[in-house]
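Engineer: Input entry_15.pdb, format and content: PDB, C-alpha atoms.
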```pdb
MODEL        1
ATOM      1  CA  MET A   3      46.569 221.990  88.683  1.00  0.00           C
ATOM      2  CA  GLU A   4      44.755 220.627  85.675  1.00  0.00           C
ATOM      3  CA  SER A   5      45.189 216.908  85.145  1.00  0.00           C
ATOM      4  CA  GLY A   6      46.910 217.398  81.779  1.00  0.00           C
ATOM      5  CA  GLU A   7      49.450 219.803  83.289  1.00  0.00           C
ATOM      6  CA  LYS A   8      50.155 217.439  86.158  1.00  0.00           C
ATOM      7  CA  ALA A   9      50.657 214.543  83.731  1.00  0.00           C
ATOM      8  CA  PHE A  10      53.006 216.628  81.553  1.00  0.00           C
ATOM      9  CA  CYS A  11      55.218 217.466  84.534  1.00  0.00           C
ATOM     10  CA  LEU A  12      55.261 213.853  85.706  1.00  0.00           C
ATOM     11  CA  ARG A  13      56.388 212.701  82.256  1.00  0.00           C
ATOM     12  CA  PHE A  14      59.273 215.136  82.529  1.00  0.00           C
ATOM     13  CA  PHE A  15      60.248 213.991  86.026  1.00  0.00           C
ATOM     14  CA  ASN A  16      59.746 210.246  85.502  1.00  0.00           C
ATOM     15  CA  THR A  17      61.999 208.670  82.873  1.00  0.00           C
ATOM     16  CA  SER A  18      61.387 204.921  82.834  1.00  0.00           C
ATOM     17  CA  GLY A  19      61.278 204.840  86.620  1.00  0.00           C
ATOM     18  CA  TYR A  20      64.215 207.184  87.126  1.00  0.00           C
ATOM     19  CA  VAL A  21      63.993 210.761  88.405  1.00  0.00           C
ATOM     20  CA  PHE A  22      66.863 212.889  87.065  1.00  0.00           C
ATOM     21  CA  ASP A  23      70.213 211.697  88.488  1.00  0.00           C
ATOM     22  CA  PHE A  24      68.896 210.754  91.919  1.00  0.00           C
ATOM     23  CA  SER A  25      70.035 207.534  93.536  1.00  0.00           C
ATOM     24  CA  ASN A  26      67.418 205.790  95.685  1.00  0.00           C
ATOM     25  CA  ASN A  27      68.910 207.139  98.908  1.00  0.00           C
ATOM     26  CA  ARG A  28      69.349 210.677  97.621  1.00  0.00           C
ATOM     27  CA  PHE A  29      65.801 210.748  96.255  1.00  0.00           C
ATOM     28  CA  ASP A  30      64.432 209.702  99.635  1.00  0.00           C
ATOM     29  CA  ASP A  31      66.602 212.289 101.412  1.00  0.00           C
ATOM     30  CA  PHE A  32      65.391 214.958  98.984  1.00  0.00           C
ATOM     31  CA  THR A  33      61.699 214.131  99.268  1.00  0.00           C
ATOM     32  CA  GLU A  34      61.876 213.817 103.052  1.00  0.00           C
ATOM     33  CA  LYS A  35      63.200 217.379 103.265  1.00  0.00           C
ATOM     34  CA  VAL A  36      60.538 218.698 100.886  1.00  0.00           C
ATOM     35  CA  VAL A  37      57.370 216.824 101.893  1.00  0.00           C
ATOM     36  CA  GLY A  38      58.282 215.336 105.275  1.00  0.00           C
ATOM     37  CA  PHE A  39      58.900 211.685 104.453  1.00  0.00           C
ATOM     38  CA  PRO A  40      60.894 209.527 101.968  1.00  0.00           C
ATOM     39  CA  ILE A  41      58.541 208.840  99.070  1.00  0.00           C
ATOM     40  CA  GLN A  42      60.213 205.757  97.608  1.00  0.00           C
ATOM     41  CA  ALA A  43      60.661 204.132 101.002  1.00  0.00           C
ATOM     42  CA  LYS A  44      56.941 204.595 101.636  1.00  0.00           C
ATOM     43  CA  TYR A  45      55.606 203.261  98.338  1.00  0.00           C
ATOM     44  CA  GLY A  46      58.291 200.664  97.624  1.00  0.00           C
ATOM     45  CA  LEU A  47      58.212 201.272  93.861  1.00  0.00           C
ATOM     46  CA  SER A  48      60.738 202.762  91.470  1.00  0.00           C
ATOM     47  CA  LYS A  49      61.550 206.431  92.051  1.00  0.00           C
ATOM     48  CA  GLY A  50      59.349 207.530  89.146  1.00  0.00           C
ATOM     49  CA  ALA A  51      56.432 205.264  90.044  1.00  0.00           C
ATOM     50  CA  SER A  52      56.651 206.271  93.707  1.00  0.00           C
ATOM     51  CA  LEU A  53      56.566 209.915  92.668  1.00  0.00           C
ATOM     52  CA  GLU A  54      53.469 209.346  90.524  1.00  0.00           C
ATOM     53  CA  GLN A  55      51.706 207.515  93.328  1.00  0.00           C
ATOM     54  CA  PHE A  56      52.538 210.271  95.798  1.00  0.00           C
ATOM     55  CA  VAL A  57      51.185 212.919  93.428  1.00  0.00           C
ATOM     56  CA  HIS A  58      47.998 210.908  92.990  1.00  0.00           C
ATOM     57  CA  ASP A  59      47.540 210.739  96.782  1.00  0.00           C
ATOM     58  CA  SER A  60      48.423 214.370  97.559  1.00  0.00           C
ATOM     59  CA  ASP A  61      46.679 217.716  97.161  1.00  0.00           C
ATOM     60  CA  ASP A  62      47.764 220.363  94.689  1.00  0.00           C
ATOM     61  CA  ASN A  63      49.542 222.578  97.225  1.00  0.00           C
ATOM     62  CA  VAL A  64      51.870 219.754  98.253  1.00  0.00           C
ATOM     63  CA  ASN A  65      52.405 218.685  94.660  1.00  0.00           C
ATOM     64  CA  LEU A  66      53.216 222.225  93.565  1.00  0.00           C
ATOM     65  CA  LYS A  67      55.794 222.488  96.318  1.00  0.00           C
ATOM     66  CA  LEU A  68      57.435 219.206  95.299  1.00  0.00           C
ATOM     67  CA  PHE A  69      57.305 220.010  91.577  1.00  0.00           C
ATOM     68  CA  SER A  70      58.879 223.410  92.215  1.00  0.00           C
ATOM     69  CA  GLU A  71      61.742 221.922  94.235  1.00  0.00           C
ATOM     70  CA  LEU A  72      62.329 219.218  91.614  1.00  0.00           C
ATOM     71  CA  LEU A  73      62.559 221.860  88.895  1.00  0.00           C
ATOM     72  CA  ASN A  74      64.972 223.895  91.028  1.00  0.00           C
ATOM     73  CA  TYR A  75      67.089 220.782  91.503  1.00  0.00           C
ATOM     74  CA  PHE A  76      67.125 220.026  87.765  1.00  0.00           C
ATOM     75  CA  GLU A  77      68.049 223.621  86.932  1.00  0.00           C
ATOM     76  CA  LEU A  78      70.924 223.678  89.425  1.00  0.00           C
ATOM     77  CA  ASN A  79      72.299 220.178  88.902  1.00  0.00           C
ATOM     78  CA  CYS A  80      71.256 218.830  85.495  1.00  0.00           C
ATOM     79  CA  LEU A  81      70.323 221.582  83.048  1.00  0.00           C
ATOM     80  CA  ASP A  82      73.865 222.586  82.040  1.00  0.00           C
ATOM     81  CA  ASN A  83      74.659 219.003  81.037  1.00  0.00           C
ATOM     82  CA  GLU A  84      71.355 218.315  79.271  1.00  0.00           C
ATOM     83  CA  GLU A  85      71.884 217.854  75.524  1.00  0.00           C
ATOM     84  CA  ASP A  86      68.321 216.951  74.530  1.00  0.00           C
ATOM     85  CA  ASP A  87      66.724 220.153  73.192  1.00  0.00           C
ATOM     86  CA  GLU A  88      63.223 218.729  73.523  1.00  0.00           C
ATOM     87  CA  ARG A  89      63.821 217.883  77.143  1.00  0.00           C
ATOM     88  CA  ILE A  90      65.060 221.429  77.787  1.00  0.00           C
ATOM     89  CA  LYS A  91      61.881 222.761  76.189  1.00  0.00           C
ATOM     90  CA  ARG A  92      59.789 220.487  78.423  1.00  0.00           C
ATOM     91  CA  PHE A  93      61.670 221.800  81.448  1.00  0.00           C
ATOM     92  CA  HIS A  94      60.803 225.393  80.568  1.00  0.00           C
ATOM     93  CA  LYS A  95      57.178 224.459  79.924  1.00  0.00           C
ATOM     94  CA  CYS A  96      57.007 222.780  83.348  1.00  0.00           C
ATOM     95  CA  LYS A  97      58.383 225.950  84.935  1.00  0.00           C
ATOM     96  CA  THR A  98      55.717 227.997  83.167  1.00  0.00           C
ATOM     97  CA  ILE A  99      53.011 225.660  84.471  1.00  0.00           C
ATOM     98  CA  ILE A 100      54.264 225.883  88.059  1.00  0.00           C
ATOM     99  CA  GLU A 101      54.674 229.668  87.915  1.00  0.00           C
ATOM    100  CA  LYS A 102      51.040 229.975  86.868  1.00  0.00           C
ATOM    101  CA  TYR A 103      49.898 228.469  90.151  1.00  0.00           C
ATOM    102  CA  ARG A 104      52.306 230.213  92.500  1.00  0.00           C
ATOM    103  CA  SER A 105      50.707 232.428  95.124  1.00  0.00           C
ATOM    104  CA  PRO A 106      51.522 236.144  94.770  1.00  0.00           C
ATOM    105  CA  SER A 107      54.762 236.805  96.600  1.00  0.00           C
ATOM    106  CA  VAL A 108      54.868 238.961  99.680  1.00  0.00           C
ATOM    107  CA  GLU A 109      57.062 242.003  99.192  1.00  0.00           C
ATOM    108  CA  ILE A 110      59.776 242.128 101.837  1.00  0.00           C
ATOM    109  CA  SER A 111      61.975 245.172 102.223  1.00  0.00           C
ATOM    110  CA  ILE A 112      65.672 244.315 102.170  1.00  0.00           C
ATOM    111  CA  PRO A 113      68.314 246.815 103.285  1.00  0.00           C
ATOM    112  CA  SER A 114      70.331 248.131 100.366  1.00  0.00           C
ATOM    113  CA  ILE A 115      73.969 249.112 100.203  1.00  0.00           C
ATOM    114  CA  LYS A 116      73.855 252.581  98.690  1.00  0.00           C
ATOM    115  CA  GLU A 117      77.435 253.726  99.192  1.00  0.00           C
ATOM    116  CA  SER A 118      80.729 251.882  99.306  1.00  0.00           C
ATOM    117  CA  PRO A 119      84.344 252.709  98.445  1.00  0.00           C
ATOM    118  CA  ASN A 120      84.391 249.347  96.687  1.00  0.00           C
ATOM    119  CA  LYS A 121      82.125 249.078  93.629  1.00  0.00           C
ATOM    120  CA  TYR A 122      82.391 245.285  93.789  1.00  0.00           C
ATOM    121  CA  ILE A 123      80.513 245.288  97.106  1.00  0.00           C
ATOM    122  CA  LEU A 124      77.714 247.319  95.538  1.00  0.00           C
ATOM    123  CA  ASP A 125      77.570 244.942  92.603  1.00  0.00           C
ATOM    124  CA  LEU A 126      77.453 241.894  94.901  1.00  0.00           C
ATOM    125  CA  SER A 127      74.496 243.292  96.808  1.00  0.00           C
ATOM    126  CA  LYS A 128      72.578 243.834  93.560  1.00  0.00           C
ATOM    127  CA  GLN A 129      73.528 240.391  92.268  1.00  0.00           C
ATOM    128  CA  ALA A 130      72.393 238.733  95.512  1.00  0.00           C
ATOM    129  CA  LEU A 131      68.972 240.380  95.213  1.00  0.00           C
ATOM    130  CA  LYS A 132      68.730 239.338  91.566  1.00  0.00           C
ATOM    131  CA  CYS A 133      69.571 235.749  92.521  1.00  0.00           C
ATOM    132  CA  ILE A 134      66.575 235.739  94.863  1.00  0.00           C
ATOM    133  CA  ASP A 135      64.324 237.183  92.151  1.00  0.00           C
ATOM    134  CA  ASP A 136      65.581 234.481  89.767  1.00  0.00           C
ATOM    135  CA  GLY A 137      65.058 231.707  92.303  1.00  0.00           C
ATOM    136  CA  ASP A 138      68.806 230.971  92.462  1.00  0.00           C
ATOM    137  CA  TYR A 139      68.946 230.742  96.251  1.00  0.00           C
ATOM    138  CA  TYR A 140      72.248 228.854  96.462  1.00  0.00           C
ATOM    139  CA  SER A 141      74.078 231.620  94.590  1.00  0.00           C
ATOM    140  CA  ALA A 142      72.453 234.171  96.900  1.00  0.00           C
ATOM    141  CA  VAL A 143      74.142 232.420  99.845  1.00  0.00           C
ATOM    142  CA  THR A 144      77.523 232.536  98.101  1.00  0.00           C
ATOM    143  CA  LYS A 145      77.197 236.234  97.324  1.00  0.00           C
ATOM    144  CA  SER A 146      76.103 236.979 100.893  1.00  0.00           C
ATOM    145  CA  ARG A 147      79.312 235.487 102.244  1.00  0.00           C
ATOM    146  CA  THR A 148      81.482 237.168  99.597  1.00  0.00           C
ATOM    147  CA  MET A 149      79.848 240.544 100.350  1.00  0.00           C
ATOM    148  CA  ILE A 150      80.903 240.328 104.006  1.00  0.00           C
ATOM    149  CA  GLU A 151      84.386 239.113 103.023  1.00  0.00           C
ATOM    150  CA  GLU A 152      84.955 242.062 100.699  1.00  0.00           C
ATOM    151  CA  ALA A 153      83.787 244.565 103.329  1.00  0.00           C
ATOM    152  CA  LEU A 154      86.106 243.025 105.950  1.00  0.00           C
ATOM    153  CA  CYS A 155      89.085 243.003 103.570  1.00  0.00           C
ATOM    154  CA  LEU A 156      88.415 246.645 102.710  1.00  0.00           C
ATOM    155  CA  ALA A 157      88.233 247.565 106.412  1.00  0.00           C
ATOM    156  CA  ILE A 158      91.471 245.719 107.228  1.00  0.00           C
ATOM    157  CA  GLU A 159      93.326 247.296 104.311  1.00  0.00           C
ATOM    158  CA  GLN A 160      92.101 250.746 105.376  1.00  0.00           C
ATOM    159  CA  GLN A 161      94.138 250.247 108.554  1.00  0.00           C
ATOM    160  CA  GLY A 162      97.272 249.472 106.524  1.00  0.00           C
ATOM    161  CA  CYS A 163      97.126 245.732 107.180  1.00  0.00           C
ATOM    162  CA  VAL A 164      96.986 242.708 104.908  1.00  0.00           C
ATOM    163  CA  PRO A 165      93.944 240.396 105.258  1.00  0.00           C
ATOM    164  CA  LEU A 166      95.270 237.229 106.849  1.00  0.00           C
ATOM    165  CA  GLU A 167      92.885 234.624 105.485  1.00  0.00           C
ATOM    166  CA  LYS A 168      90.872 235.580 102.413  1.00  0.00           C
ATOM    167  CA  GLY A 169      87.965 233.200 101.976  1.00  0.00           C
ATOM    168  CA  ASP A 170      87.523 232.700 105.735  1.00  0.00           C
ATOM    169  CA  VAL A 171      85.127 235.383 106.950  1.00  0.00           C
ATOM    170  CA  VAL A 172      85.309 234.143 110.550  1.00  0.00           C
ATOM    171  CA  GLN A 173      89.079 234.704 110.647  1.00  0.00           C
ATOM    172  CA  LEU A 174      88.765 238.010 108.818  1.00  0.00           C
ATOM    173  CA  TYR A 175      86.227 239.252 111.356  1.00  0.00           C
ATOM    174  CA  ALA A 176      88.581 238.199 114.164  1.00  0.00           C
ATOM    175  CA  GLN A 177      91.322 240.298 112.513  1.00  0.00           C
ATOM    176  CA  PHE A 178      88.948 243.220 111.951  1.00  0.00           C
ATOM    177  CA  LYS A 179      87.717 243.540 115.551  1.00  0.00           C
ATOM    178  CA  PRO A 180      90.921 244.674 117.317  1.00  0.00           C
ATOM    179  CA  LEU A 181      91.767 247.050 114.467  1.00  0.00           C
ATOM    180  CA  TYR A 182      88.518 248.906 115.167  1.00  0.00           C
ATOM    181  CA  ASN A 183      88.263 248.305 118.930  1.00  0.00           C
ATOM    182  CA  MET A 184      85.324 245.968 118.438  1.00  0.00           C
ATOM    183  CA  HIS A 185      85.944 243.787 121.491  1.00  0.00           C
ATOM    184  CA  SER A 186      83.263 243.786 124.168  1.00  0.00           C
ATOM    185  CA  ASP A 187      83.650 246.765 126.466  1.00  0.00           C
ATOM    186  CA  LYS A 188      82.412 246.565 130.062  1.00  0.00           C
ATOM    187  CA  THR A 189      81.699 250.291 129.997  1.00  0.00           C
ATOM    188  CA  MET A 190      79.425 249.926 126.981  1.00  0.00           C
ATOM    189  CA  ASP A 191      75.702 249.312 127.261  1.00  0.00           C
ATOM    190  CA  LYS A 192      75.084 245.577 127.742  1.00  0.00           C
ATOM    191  CA  ARG A 193      72.548 245.543 124.915  1.00  0.00           C
ATOM    192  CA  ILE A 194      75.131 246.844 122.434  1.00  0.00           C
ATOM    193  CA  ASN A 195      77.660 244.252 123.603  1.00  0.00           C
ATOM    194  CA  ASN A 196      75.030 241.564 123.097  1.00  0.00           C
ATOM    195  CA  LEU A 197      74.408 242.787 119.551  1.00  0.00           C
ATOM    196  CA  LEU A 198      78.128 242.799 118.773  1.00  0.00           C
ATOM    197  CA  SER A 199      78.538 239.247 120.080  1.00  0.00           C
ATOM    198  CA  GLY A 200      75.537 238.259 117.947  1.00  0.00           C
ATOM    199  CA  ILE A 201      77.380 239.404 114.809  1.00  0.00           C
ATOM    200  CA  ASN A 202      79.959 236.681 115.442  1.00  0.00           C
ATOM    201  CA  LYS A 203      77.284 234.012 115.372  1.00  0.00           C
ATOM    202  CA  ILE A 204      75.649 235.365 112.216  1.00  0.00           C
ATOM    203  CA  ILE A 205      78.975 235.481 110.373  1.00  0.00           C
ATOM    204  CA  GLU A 206      79.792 231.937 111.498  1.00  0.00           C
ATOM    205  CA  SER A 207      76.383 230.703 110.322  1.00  0.00           C
ATOM    206  CA  ILE A 208      76.644 232.369 106.903  1.00  0.00           C
ATOM    207  CA  SER A 209      80.174 231.027 106.467  1.00  0.00           C
ATOM    208  CA  GLU A 210      79.169 227.492 107.459  1.00  0.00           C
ATOM    209  CA  MET A 211      76.102 227.437 105.218  1.00  0.00           C
ATOM    210  CA  ARG A 212      78.068 228.772 102.288  1.00  0.00           C
ATOM    211  CA  ASN A 213      80.866 226.235 102.790  1.00  0.00           C
ATOM    212  CA  LYS A 214      78.452 223.292 103.014  1.00  0.00           C
ATOM    213  CA  ASN A 215      75.620 224.352 100.787  1.00  0.00           C
ATOM    214  CA  SER A 216      76.306 227.060  98.223  1.00  0.00           C
ATOM    215  CA  ASP A 217      76.893 226.748  94.490  1.00  0.00           C
ATOM    216  CA  SER A 218      80.685 226.916  94.842  1.00  0.00           C
ATOM    217  CA  HIS A 219      80.980 223.453  96.397  1.00  0.00           C
ATOM    218  CA  GLY A 220      79.964 220.080  94.987  1.00  0.00           C
ATOM    219  CA  VAL A 221      78.192 218.813  98.082  1.00  0.00           C
ATOM    220  CA  GLY A 222      75.909 216.321  96.354  1.00  0.00           C
ATOM    221  CA  SER A 223      73.384 214.647  98.602  1.00  0.00           C
ATOM    222  CA  LYS A 224      74.480 216.721 101.636  1.00  0.00           C
ATOM    223  CA  ARG A 225      73.019 219.850 100.081  1.00  0.00           C
ATOM    224  CA  ILE A 226      70.161 221.329 102.082  1.00  0.00           C
ATOM    225  CA  ILE A 227      67.130 222.621 100.229  1.00  0.00           C
ATOM    226  CA  ILE A 228      67.147 226.415 100.567  1.00  0.00           C
ATOM    227  CA  LYS A 229      63.842 228.189 100.142  1.00  0.00           C
ATOM    228  CA  LYS A 230      63.141 231.811  99.377  1.00  0.00           C
ATOM    229  CA  HIS A 231      62.597 232.869 102.980  1.00  0.00           C
ATOM    230  CA  HIS A 232      65.944 231.291 103.933  1.00  0.00           C
ATOM    231  CA  ALA A 233      67.735 233.127 101.109  1.00  0.00           C
ATOM    232  CA  LEU A 234      66.096 236.389 102.161  1.00  0.00           C
ATOM    233  CA  LEU A 235      67.378 235.875 105.696  1.00  0.00           C
ATOM    234  CA  PHE A 236      70.943 235.283 104.474  1.00  0.00           C
ATOM    235  CA  VAL A 237      71.006 238.257 102.129  1.00  0.00           C
ATOM    236  CA  ASN A 238      69.248 240.520 104.609  1.00  0.00           C
ATOM    237  CA  SER A 239      71.709 239.602 107.358  1.00  0.00           C
ATOM    238  CA  ALA A 240      74.738 239.960 105.075  1.00  0.00           C
ATOM    239  CA  MET A 241      73.672 243.421 103.901  1.00  0.00           C
ATOM    240  CA  THR A 242      73.049 244.588 107.465  1.00  0.00           C
ATOM    241  CA  ILE A 243      76.487 243.369 108.593  1.00  0.00           C
ATOM    242  CA  THR A 244      78.182 244.809 105.498  1.00  0.00           C
ATOM    243  CA  ASN A 245      76.546 248.194 106.103  1.00  0.00           C
ATOM    244  CA  PHE A 246      77.689 248.021 109.734  1.00  0.00           C
ATOM    245  CA  ILE A 247      81.310 247.239 108.773  1.00  0.00           C
ATOM    246  CA  LEU A 248      81.377 250.099 106.244  1.00  0.00           C
ATOM    247  CA  ALA A 249      79.884 252.472 108.844  1.00  0.00           C
ATOM    248  CA  VAL A 250      82.573 251.459 111.365  1.00  0.00           C
ATOM    249  CA  VAL A 251      85.251 252.238 108.774  1.00  0.00           C
ATOM    250  CA  GLU A 252      83.704 255.615 108.041  1.00  0.00           C
ATOM    251  CA  ASN A 253      83.412 256.419 111.751  1.00  0.00           C
ATOM    252  CA  LYS A 254      87.132 255.643 112.217  1.00  0.00           C
ATOM    253  CA  LYS A 255      88.011 258.111 109.457  1.00  0.00           C
ATOM    254  CA  THR A 256      86.201 260.965 111.183  1.00  0.00           C
ATOM    255  CA  LYS A 257      88.074 260.550 114.480  1.00  0.00           C
TER     256      LYS A 257
ENDMDL
END
```
Any chance you could put this one into structure tokens?
Structural biologist:
Amino acid sequence: MESGEKAFCLRFFNTSGYVFDFSNNRFDDFTEKVVGFPIQAKYGLSKGASLEQFVHDSDDNVNLKLFSELLNYFELNCLDNEEDDERIKRFHKCKTIIEKYRSPSVEISIPSIKESPNKYILDLSKQALKCIDDGDYYSAVTKSRTMIEEALCLAIEQQGCVPLEKGDVVQLYAQFKPLYNMHSDKTMDKRINNLLSGINKIIESISEMRNKNSDSHGVGSKRIIIKKHHALLFVNSAMTITNFILAVVENKKTK
């Protein structure tokens, strides 16, 4: 990064020693997750001054990573409440600066949902992919969970039953399994049984991450920093499971 660009971004981040709405503890938790150690605890200065000293001591790759995560944080937690038009303009200029130095992204193929009796499921899959393109990784997690929920509810209703616990994908999957004979079968190939048991764990993980970390819950300092490769994993897994559930429903119809 050019020195002028770096200074511009630091002026946006550092407001008289403060960095956005971070408390001292939350700023240290945030920076430890991003760069590996708590910046303010190391330098012993104000949050803003500690940030400037860290940037001075670090190489551009590390600084770009931290700047990018700070901008993501501001966009998710502060931008909607920001009333200063000039500050909003500076935010967008900082984003433009950071984007200029990003490495070209690696194209990763994600399974698509091409057919579904429920248009909402199709729309969710497209929205989840758009969230990743837009850098809104927390919303991608939410939509991943909702995608699976909608597919499970559809499958349960197809069997003439009422979903027992909307919003709880773990309970919905437990209701879905006996309706479609999805319990482990000793006569079935062990590898298939292992895959089916693995679906339970994936659904539990997506549900837990969404409950603790997505944009539908005000989790504050407990929020984990989600990066693009994490979001891709969530969306990829959710689409695979959703396609599987829809295929199971279709297979039941043909019998």
Engineer: Name the residues in contact with region 45-59 of chain A at a cut-off of 7 Å, using all atoms listed in the file, excluding same-chain residues fewer than 3 positions from it; report them as a PyMOL selection string.
Structural biologist: chain A and resi 12+16-17+19-21+26+41-42+65
Engineer: Rank A:Ile150, A:Phe14, A:Ser199, A:Gln173 by their smallest atom-to-atom distance to Glu88 (chain A), using all atoms listed in the file, and report the top residue only.
Structural biologist: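 The answer is A:Phe14, which sits nearest to Glu88 (chain A).
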Engineer: With the file shown as input, list the residues that the PyMOL selection byres ((chain A and resi 245-248) around 12) selects, as a ChimeraX atom specification.
Structural biologist: /A:113-120,123-124,127,149-158,160,174-175,178-179,181-182,184,197-198,201,238-244,249-255
Engineer: Rank nothing, just name the residue among A:Leu126, A:Val164, A:Leu66, A:Ala233 nearest to Glu101 (chain A), using all atoms listed in the file.
Structural biologist: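 Smallest separation from Glu101 (chain A) among the options: A:Leu66.
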Engineer: List the residues matched by the PyMOL selection byres ((chain A and resi 138) around 12) in the displayed structure as an mmCIF file with C-alpha atoms, keeping the file's coordinate frame, ordered by chain and then by residue number.
Structural biologist:
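Result file expr33.cif:
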```
data_model
loop_
_atom_site.group_PDB
_atom_site.id
_atom_site.type_symbol
_atom_site.label_atom_id
_atom_site.label_comp_id
_atom_site.auth_asym_id
_atom_site.auth_seq_id
_atom_site.Cartn_x
_atom_site.Cartn_y
_atom_site.Cartn_z
ATOM 1 C CA GLU A 71 61.742 221.922 94.235
ATOM 2 C CA LEU A 73 62.559 221.860 88.895
ATOM 3 C CA ASN A 74 64.972 223.895 91.028
ATOM 4 C CA TYR A 75 67.089 220.782 91.503
ATOM 5 C CA GLU A 77 68.049 223.621 86.932
ATOM 6 C CA LEU A 78 70.924 223.678 89.425
ATOM 7 C CA ASN A 79 72.299 220.178 88.902
ATOM 8 C CA GLN A 129 73.528 240.391 92.268
ATOM 9 C CA ALA A 130 72.393 238.733 95.512
ATOM 10 C CA LEU A 131 68.972 240.380 95.213
ATOM 11 C CA LYS A 132 68.730 239.338 91.566
ATOM 12 C CA CYS A 133 69.571 235.749 92.521
ATOM 13 C CA ILE A 134 66.575 235.739 94.863
ATOM 14 C CA ASP A 135 64.324 237.183 92.151
ATOM 15 C CA ASP A 136 65.581 234.481 89.767
ATOM 16 C CA GLY A 137 65.058 231.707 92.303
ATOM 17 C CA TYR A 139 68.946 230.742 96.251
ATOM 18 C CA TYR A 140 72.248 228.854 96.462
ATOM 19 C CA SER A 141 74.078 231.620 94.590
ATOM 20 C CA ALA A 142 72.453 234.171 96.900
ATOM 21 C CA VAL A 143 74.142 232.420 99.845
ATOM 22 C CA THR A 144 77.523 232.536 98.101
ATOM 23 C CA LYS A 145 77.197 236.234 97.324
ATOM 24 C CA SER A 216 76.306 227.060 98.223
ATOM 25 C CA ASP A 217 76.893 226.748 94.490
ATOM 26 C CA ILE A 227 67.130 222.621 100.229
ATOM 27 C CA ILE A 228 67.147 226.415 100.567
ATOM 28 C CA LYS A 229 63.842 228.189 100.142
ATOM 29 C CA LYS A 230 63.141 231.811 99.377
ATOM 30 C CA HIS A 232 65.944 231.291 103.933
ATOM 31 C CA ALA A 233 67.735 233.127 101.109
ATOM 32 C CA LEU A 234 66.096 236.389 102.161
#
```
Engineer: Interatomic distance between CA of Ser209 (chain A) and CA of Gln177 (chain A)?
Structural biologist: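 So the two atoms, CA of Ser209 (chain A) and CA of Gln177 (chain A), lie 15.7 Å apart.
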